[in-house]
Amino acid sequence: MIARILIPLVLLIALPDLYVYWHYKRRKKHYGSLRRLLWWMPCLLMLAYTFVLACQPHFAPENHYLLDIYLLLLGVLVIPKVLFAICSMTGLIYCRLVHSKQNYGNLIGFLLAVFAVYVSLYSYFIGSRRLEVRHETFVSKELPQAFDGYRIVQFSDAHVGSIPVSLLERAVDSMNAQKPDLIVFTGDLQNLRPSELDAVMPILSRLEAKDGVYSILGNHDYSFYLDVDFPTASINEEMMKQKQHAMGWHLLLNESTVIKRGSDKIVLAGMENLSLKPEQTRGDLEKTMEGVKDDAFVIMLQHDPSAWKRAVLPETNAQLTLSGHTHGGQIQLFGLNPAMITYDEYGGMYQENKRAICVSSGLGGLVLFRFGVTPEFVVLTLQR
């Protein structure tokens, strides 16, 4: 991940320090060689840290703390200086244009820098460790009578390789406390490797629902982000499937199952990842819907919400789709978040005529960073 954006990161780290040094430090006579070295030391260490991470063979280091601490340092040391430098430079240009000596850009930059430090510290130590239970209702005349009031718990994007274990335990206990009829997991159980599950399998095995726990795979549950050969990738993916089965989960791989209540029934369809990126697509919609009648009430599990309008709506009769993947952007300020750039449906319940998609912002992420987007699971009630 770091290797892909190495040059922008180097510029982001070095340029603000160059600006501040050139305008505010270099002319100070009391700044001896030692003080100048100390001034540059954080920048040099961050550059060294960046190059170390860029040399990692995979998308992310095996020890996720290396990436977490790096991003935290970026938020506390680098981003504040970037904001200060931009505001200071803008103020300096303005001062020269209007022939003023008072650069208010410095004050604005300082305040923004303090706010950036607050956001970074809160996101890592507090925001990523909270838990929200979101309640949604889906109303449909096509829902069989016996399923009126049926309760589904949906959780997504656990990323157990980096999620705090205490948060995962609270989430499992809280999900069980809902006494759901069904629990579904909509993908991204791991970060990179199935071995990440070993420590938390006893926790996830405690999940209970009347009709069981069903799951699908997300883009991180394959081997897309590992620099390994095909046989190794296949072994890893098979291990992921086996571990989910060992926890008592019913993994749906481009297939469907029927849930019955007396003579009434609904169809739960689980499609593999149908990504915007062709190389990360394993979903087969035709295979998933094989044998499903046109008049069936269908709940579609699909990790990537972009597949809803691309494929699910035009090619199936699924009344309700459950997705994850976006993490809600993980950060939201003034109603804006990064996920809005790529996805039309990035977090919440969305309606298209009589059909809907529920997108969960998930429990975790590859990195521990949440501000304005609380880790969550969804309690979804079906009603006629």
# chains A, B, ... in the order shown; residues from 1 in each chain; ligands from 1
$ closest_atom_pairs --of "range 274-304 of chain A" --to "range 187-211 of chain A" --cutoff "10 Å" --atoms "only C-alpha atoms" --output "CSV"
residue,atom,partner,partner_atom,distance
A:Leu301,CA,A:Gly187,CA,9.0
A:Gln302,CA,A:Gly187,CA,8.0
A:His303,CA,A:Gly187,CA,5.5
A:Asp304,CA,A:Gly187,CA,8.8
$ residues_around --residues "range 130-133 of chain A" --least-positions-apart "2" --cutoff "10 Å" --atoms "only C-alpha atoms" --output "number ranges by chain"
A: 125-128, 135-136, 153, 167-168, 170-171, 174-175, 178, 362-363, 370, 373-379
$ write_last_selection --atoms "N, CA, C and O atoms" --output "mmCIF file, in the first residue's frame"
data_model
loop_
_atom_site.group_PDB
_atom_site.id
_atom_site.type_symbol
_atom_site.label_atom_id
_atom_site.label_comp_id
_atom_site.auth_asym_id
_atom_site.auth_seq_id
_atom_site.Cartn_x
_atom_site.Cartn_y
_atom_site.Cartn_z
ATOM 1 N N PHE A 125 -7.667 6.171 19.131
ATOM 2 C CA PHE A 125 -7.830 5.686 20.500
ATOM 3 C C PHE A 125 -9.287 5.584 20.951
ATOM 4 O O PHE A 125 -9.589 4.834 21.878
ATOM 5 N N ILE A 126 -10.194 6.297 20.325
ATOM 6 C CA ILE A 126 -11.596 6.300 20.764
ATOM 7 C C ILE A 126 -12.546 5.876 19.645
ATOM 8 O O ILE A 126 -13.305 4.923 19.779
ATOM 9 N N GLY A 127 -12.524 6.595 18.540
ATOM 10 C CA GLY A 127 -13.495 6.365 17.471
ATOM 11 C C GLY A 127 -13.505 4.957 16.924
ATOM 12 O O GLY A 127 -14.575 4.412 16.619
ATOM 13 N N SER A 128 -12.335 4.348 16.788
ATOM 14 C CA SER A 128 -12.252 3.000 16.224
ATOM 15 C C SER A 128 -12.611 1.915 17.230
ATOM 16 O O SER A 128 -12.676 0.736 16.869
ATOM 17 N N HIS A 135 -30.550 0.358 13.809
ATOM 18 C CA HIS A 135 -31.810 -0.346 13.568
ATOM 19 C C HIS A 135 -32.436 0.150 12.261
ATOM 20 O O HIS A 135 -32.553 1.355 12.038
ATOM 21 N N GLU A 136 -32.806 -0.775 11.403
ATOM 22 C CA GLU A 136 -33.446 -0.466 10.134
ATOM 23 C C GLU A 136 -34.668 -1.361 9.955
ATOM 24 O O GLU A 136 -34.746 -2.454 10.518
ATOM 25 N N VAL A 153 -29.617 -9.764 11.925
ATOM 26 C CA VAL A 153 -28.449 -8.991 12.326
ATOM 27 C C VAL A 153 -27.415 -9.091 11.211
ATOM 28 O O VAL A 153 -27.018 -10.185 10.816
ATOM 29 N N LEU A 167 -13.407 -4.972 21.250
ATOM 30 C CA LEU A 167 -14.527 -4.504 20.439
ATOM 31 C C LEU A 167 -15.247 -5.691 19.802
ATOM 32 O O LEU A 167 -16.485 -5.731 19.772
ATOM 33 N N LEU A 168 -14.502 -6.661 19.313
ATOM 34 C CA LEU A 168 -15.113 -7.835 18.696
ATOM 35 C C LEU A 168 -15.938 -8.617 19.715
ATOM 36 O O LEU A 168 -17.043 -9.080 19.411
ATOM 37 N N ARG A 170 -17.399 -7.401 22.446
ATOM 38 C CA ARG A 170 -18.609 -6.617 22.738
ATOM 39 C C ARG A 170 -19.620 -6.740 21.618
ATOM 40 O O ARG A 170 -20.830 -6.837 21.864
ATOM 41 N N ALA A 171 -19.123 -6.739 20.373
ATOM 42 C CA ALA A 171 -20.017 -6.841 19.232
ATOM 43 C C ALA A 171 -20.728 -8.191 19.211
ATOM 44 O O ALA A 171 -21.947 -8.259 18.990
ATOM 45 N N SER A 174 -23.299 -8.320 21.984
ATOM 46 C CA SER A 174 -24.432 -7.450 21.687
ATOM 47 C C SER A 174 -25.296 -8.031 20.573
ATOM 48 O O SER A 174 -26.526 -7.929 20.617
ATOM 49 N N MET A 175 -24.674 -8.654 19.580
ATOM 50 C CA MET A 175 -25.452 -9.281 18.503
ATOM 51 C C MET A 175 -26.295 -10.432 19.045
ATOM 52 O O MET A 175 -27.470 -10.577 18.692
ATOM 53 N N GLN A 178 -29.506 -9.463 20.809
ATOM 54 C CA GLN A 178 -30.649 -9.054 19.991
ATOM 55 C C GLN A 178 -31.636 -10.196 19.757
ATOM 56 O O GLN A 178 -32.751 -9.967 19.272
ATOM 57 N N GLY A 362 -19.590 -1.273 8.829
ATOM 58 C CA GLY A 362 -18.668 -2.298 9.321
ATOM 59 C C GLY A 362 -18.151 -2.091 10.728
ATOM 60 O O GLY A 362 -18.346 -1.043 11.350
ATOM 61 N N LEU A 363 -17.455 -3.115 11.185
ATOM 62 C CA LEU A 363 -16.888 -3.090 12.534
ATOM 63 C C LEU A 363 -15.462 -2.565 12.562
ATOM 64 O O LEU A 363 -15.049 -1.905 13.509
ATOM 65 N N ARG A 370 -11.315 5.883 12.816
ATOM 66 C CA ARG A 370 -12.744 6.182 12.669
ATOM 67 C C ARG A 370 -13.049 7.533 13.304
ATOM 68 O O ARG A 370 -12.826 7.741 14.484
ATOM 69 N N VAL A 373 -17.730 8.137 11.859
ATOM 70 C CA VAL A 373 -18.305 6.913 11.309
ATOM 71 C C VAL A 373 -18.024 5.796 12.314
ATOM 72 O O VAL A 373 -16.974 5.171 12.289
ATOM 73 N N THR A 374 -18.957 5.557 13.211
ATOM 74 C CA THR A 374 -18.752 4.624 14.313
ATOM 75 C C THR A 374 -18.851 3.175 13.837
ATOM 76 O O THR A 374 -19.719 2.852 13.029
ATOM 77 N N PRO A 375 -17.968 2.294 14.306
ATOM 78 C CA PRO A 375 -18.139 0.861 14.025
ATOM 79 C C PRO A 375 -19.543 0.407 14.415
ATOM 80 O O PRO A 375 -20.068 0.827 15.449
ATOM 81 N N GLU A 376 -20.134 -0.466 13.595
ATOM 82 C CA GLU A 376 -21.539 -0.794 13.810
ATOM 83 C C GLU A 376 -21.877 -2.208 13.366
ATOM 84 O O GLU A 376 -21.122 -2.856 12.642
ATOM 85 N N PHE A 377 -23.035 -2.668 13.844
ATOM 86 C CA PHE A 377 -23.744 -3.745 13.176
ATOM 87 C C PHE A 377 -25.199 -3.302 13.055
ATOM 88 O O PHE A 377 -25.637 -2.359 13.717
ATOM 89 N N VAL A 378 -25.940 -3.957 12.165
ATOM 90 C CA VAL A 378 -27.298 -3.526 11.837
ATOM 91 C C VAL A 378 -28.306 -4.566 12.303
ATOM 92 O O VAL A 378 -28.093 -5.780 12.095
ATOM 93 N N VAL A 379 -29.374 -4.121 12.943
ATOM 94 C CA VAL A 379 -30.516 -4.977 13.262
ATOM 95 C C VAL A 379 -31.616 -4.596 12.282
ATOM 96 O O VAL A 379 -32.174 -3.500 12.352
#
$ select_by_dssp --residues "range 102-164 of chain A" --states "strand (DSSP E)" --output "PyMOL selection string"
chain A and resi 132-139+151-155
$ residues_around --residues "Ala113 in chain A" --least-positions-apart "6" --cutoff "7 Å" --atoms "only C-alpha atoms" --output "list in words"
Pro80, Lys81, Leu83 and Phe84 of chain A
$ residues_around --residues "Lys293 in chain A" --least-positions-apart "2" --cutoff "12 Å" --atoms "only C-alpha atoms" --output "VMD selection string"
chain A and resid 256 258 265 to 267 289 to 291 295 to 298 316 to 318
$ write_last_selection --atoms "N, CA and C atoms" --output "PDB file, in the first residue's frame"
ATOM      1  N   SER A 256     -27.506 -20.184  -3.239  1.00  0.00           N
ATOM      2  CA  SER A 256     -28.619 -19.711  -2.417  1.00  0.00           C
ATOM      3  C   SER A 256     -29.125 -20.835  -1.531  1.00  0.00           C
ATOM      4  N   VAL A 258     -32.713 -21.810   1.177  1.00  0.00           N
ATOM      5  CA  VAL A 258     -34.105 -21.470   1.499  1.00  0.00           C
ATOM      6  C   VAL A 258     -34.302 -21.523   3.010  1.00  0.00           C
ATOM      7  N   LYS A 265     -41.624 -19.281   2.847  1.00  0.00           N
ATOM      8  CA  LYS A 265     -40.164 -19.353   2.746  1.00  0.00           C
ATOM      9  C   LYS A 265     -39.607 -18.103   2.067  1.00  0.00           C
ATOM     10  N   ILE A 266     -38.349 -17.798   2.400  1.00  0.00           N
ATOM     11  CA  ILE A 266     -37.601 -16.750   1.721  1.00  0.00           C
ATOM     12  C   ILE A 266     -36.298 -17.358   1.232  1.00  0.00           C
ATOM     13  N   VAL A 267     -35.677 -16.703   0.269  1.00  0.00           N
ATOM     14  CA  VAL A 267     -34.418 -17.185  -0.304  1.00  0.00           C
ATOM     15  C   VAL A 267     -33.289 -16.254   0.146  1.00  0.00           C
ATOM     16  N   MET A 289     -28.242 -17.211  -8.612  1.00  0.00           N
ATOM     17  CA  MET A 289     -29.701 -17.200  -8.702  1.00  0.00           C
ATOM     18  C   MET A 289     -30.263 -18.464  -9.375  1.00  0.00           C
ATOM     19  N   GLU A 290     -29.423 -19.425  -9.635  1.00  0.00           N
ATOM     20  CA  GLU A 290     -29.874 -20.660 -10.290  1.00  0.00           C
ATOM     21  C   GLU A 290     -30.934 -21.371  -9.443  1.00  0.00           C
ATOM     22  N   GLY A 291     -32.064 -21.674 -10.041  1.00  0.00           N
ATOM     23  CA  GLY A 291     -33.128 -22.388  -9.349  1.00  0.00           C
ATOM     24  C   GLY A 291     -34.043 -21.511  -8.523  1.00  0.00           C
ATOM     25  N   ASP A 295     -40.992 -15.410  -8.455  1.00  0.00           N
ATOM     26  CA  ASP A 295     -41.879 -14.832  -7.446  1.00  0.00           C
ATOM     27  C   ASP A 295     -41.359 -15.004  -6.018  1.00  0.00           C
ATOM     28  N   ALA A 296     -40.111 -15.462  -5.875  1.00  0.00           N
ATOM     29  CA  ALA A 296     -39.539 -15.672  -4.533  1.00  0.00           C
ATOM     30  C   ALA A 296     -39.155 -14.339  -3.894  1.00  0.00           C
ATOM     31  N   PHE A 297     -39.224 -14.312  -2.563  1.00  0.00           N
ATOM     32  CA  PHE A 297     -38.703 -13.148  -1.828  1.00  0.00           C
ATOM     33  C   PHE A 297     -37.223 -13.433  -1.566  1.00  0.00           C
ATOM     34  N   VAL A 298     -36.349 -12.595  -2.138  1.00  0.00           N
ATOM     35  CA  VAL A 298     -34.907 -12.869  -2.127  1.00  0.00           C
ATOM     36  C   VAL A 298     -34.143 -11.790  -1.361  1.00  0.00           C
ATOM     37  N   THR A 316     -31.750  -9.359 -11.427  1.00  0.00           N
ATOM     38  CA  THR A 316     -32.392 -10.269 -10.486  1.00  0.00           C
ATOM     39  C   THR A 316     -33.693  -9.651  -9.977  1.00  0.00           C
ATOM     40  N   ASN A 317     -34.424 -10.450  -9.227  1.00  0.00           N
ATOM     41  CA  ASN A 317     -35.636  -9.961  -8.577  1.00  0.00           C
ATOM     42  C   ASN A 317     -35.442  -9.777  -7.079  1.00  0.00           C
ATOM     43  N   ALA A 318     -34.176  -9.733  -6.629  1.00  0.00           N
ATOM     44  CA  ALA A 318     -33.892  -9.622  -5.196  1.00  0.00           C
ATOM     45  C   ALA A 318     -34.492  -8.337  -4.630  1.00  0.00           C
TER      46      ALA A 318
END
$ closest_residue --among "A:Val139, A:Val52, A:Met240, A:Leu34" --to "Tyr70 in chain A" --atoms "only C-alpha atoms"
A:Val52
$ atom_distance --atom1 "CA of Leu368 in chain A" --atom2 "CA of Ser123 in chain A"
7.5 Å
$ residues_around --residues "range 59-65 of chain A" --least-positions-apart "5" --cutoff "12 Å" --atoms "only C-alpha atoms" --output "ChimeraX atom specification"
/A:1-5,52-54,70-73,124,159-164,190-196,220,223-228,365-368
$ decode --residues "range 223-237 of chain A" --atoms "N, CA, C and O atoms" --output "mmCIF file, in the first residue's frame"
data_model
loop_
_atom_site.group_PDB
_atom_site.id
_atom_site.type_symbol
_atom_site.label_atom_id
_atom_site.label_comp_id
_atom_site.auth_asym_id
_atom_site.auth_seq_id
_atom_site.Cartn_x
_atom_site.Cartn_y
_atom_site.Cartn_z
ATOM 1 N N SER A 223 -6.909 -13.706 -1.904
ATOM 2 C CA SER A 223 -5.472 -13.428 -1.778
ATOM 3 C C SER A 223 -5.035 -12.321 -2.722
ATOM 4 O O SER A 223 -3.905 -12.309 -3.213
ATOM 5 N N PHE A 224 -5.939 -11.384 -2.984
ATOM 6 C CA PHE A 224 -5.647 -10.313 -3.925
ATOM 7 C C PHE A 224 -4.507 -9.413 -3.453
ATOM 8 O O PHE A 224 -3.831 -8.783 -4.262
ATOM 9 N N TYR A 225 -4.317 -9.317 -2.136
ATOM 10 C CA TYR A 225 -3.359 -8.355 -1.592
ATOM 11 C C TYR A 225 -2.075 -9.014 -1.085
ATOM 12 O O TYR A 225 -1.301 -8.400 -0.363
ATOM 13 N N LEU A 226 -1.874 -10.269 -1.456
ATOM 14 C CA LEU A 226 -0.650 -10.984 -1.091
ATOM 15 C C LEU A 226 0.175 -11.248 -2.336
ATOM 16 O O LEU A 226 -0.344 -11.676 -3.369
ATOM 17 N N ASP A 227 1.468 -11.012 -2.225
ATOM 18 C CA ASP A 227 2.377 -11.275 -3.335
ATOM 19 C C ASP A 227 2.841 -12.729 -3.248
ATOM 20 O O ASP A 227 3.968 -13.023 -2.838
ATOM 21 N N VAL A 228 1.934 -13.642 -3.625
ATOM 22 C CA VAL A 228 2.222 -15.079 -3.545
ATOM 23 C C VAL A 228 1.836 -15.744 -4.860
ATOM 24 O O VAL A 228 1.091 -15.182 -5.669
ATOM 25 N N ASP A 229 2.344 -16.974 -5.064
ATOM 26 C CA ASP A 229 2.014 -17.694 -6.287
ATOM 27 C C ASP A 229 0.595 -18.260 -6.199
ATOM 28 O O ASP A 229 -0.043 -18.252 -5.140
ATOM 29 N N PHE A 230 0.106 -18.762 -7.327
ATOM 30 C CA PHE A 230 -1.271 -19.231 -7.407
ATOM 31 C C PHE A 230 -1.581 -20.375 -6.438
ATOM 32 O O PHE A 230 -2.631 -20.352 -5.772
ATOM 33 N N PRO A 231 -0.705 -21.402 -6.331
ATOM 34 C CA PRO A 231 -1.001 -22.489 -5.370
ATOM 35 C C PRO A 231 -1.140 -21.988 -3.935
ATOM 36 O O PRO A 231 -2.036 -22.427 -3.206
ATOM 37 N N THR A 232 -0.251 -21.061 -3.537
ATOM 38 C CA THR A 232 -0.321 -20.530 -2.171
ATOM 39 C C THR A 232 -1.599 -19.725 -1.968
ATOM 40 O O THR A 232 -2.256 -19.814 -0.926
ATOM 41 N N ALA A 233 -1.954 -18.936 -2.974
ATOM 42 C CA ALA A 233 -3.197 -18.161 -2.891
ATOM 43 C C ALA A 233 -4.397 -19.082 -2.758
ATOM 44 O O ALA A 233 -5.313 -18.824 -1.963
ATOM 45 N N SER A 234 -4.413 -20.169 -3.519
ATOM 46 C CA SER A 234 -5.525 -21.122 -3.455
ATOM 47 C C SER A 234 -5.619 -21.784 -2.093
ATOM 48 O O SER A 234 -6.721 -21.979 -1.555
ATOM 49 N N ILE A 235 -4.465 -22.115 -1.517
ATOM 50 C CA ILE A 235 -4.449 -22.727 -0.181
ATOM 51 C C ILE A 235 -4.997 -21.748 0.852
ATOM 52 O O ILE A 235 -5.794 -22.119 1.728
ATOM 53 N N ASN A 236 -4.573 -20.492 0.771
ATOM 54 C CA ASN A 236 -5.058 -19.479 1.709
ATOM 55 C C ASN A 236 -6.570 -19.312 1.624
ATOM 56 O O ASN A 236 -7.269 -19.211 2.637
ATOM 57 N N GLU A 237 -7.083 -19.271 0.400
ATOM 58 C CA GLU A 237 -8.518 -19.085 0.224
ATOM 59 C C GLU A 237 -9.305 -20.291 0.726
ATOM 60 O O GLU A 237 -10.388 -20.142 1.303
#
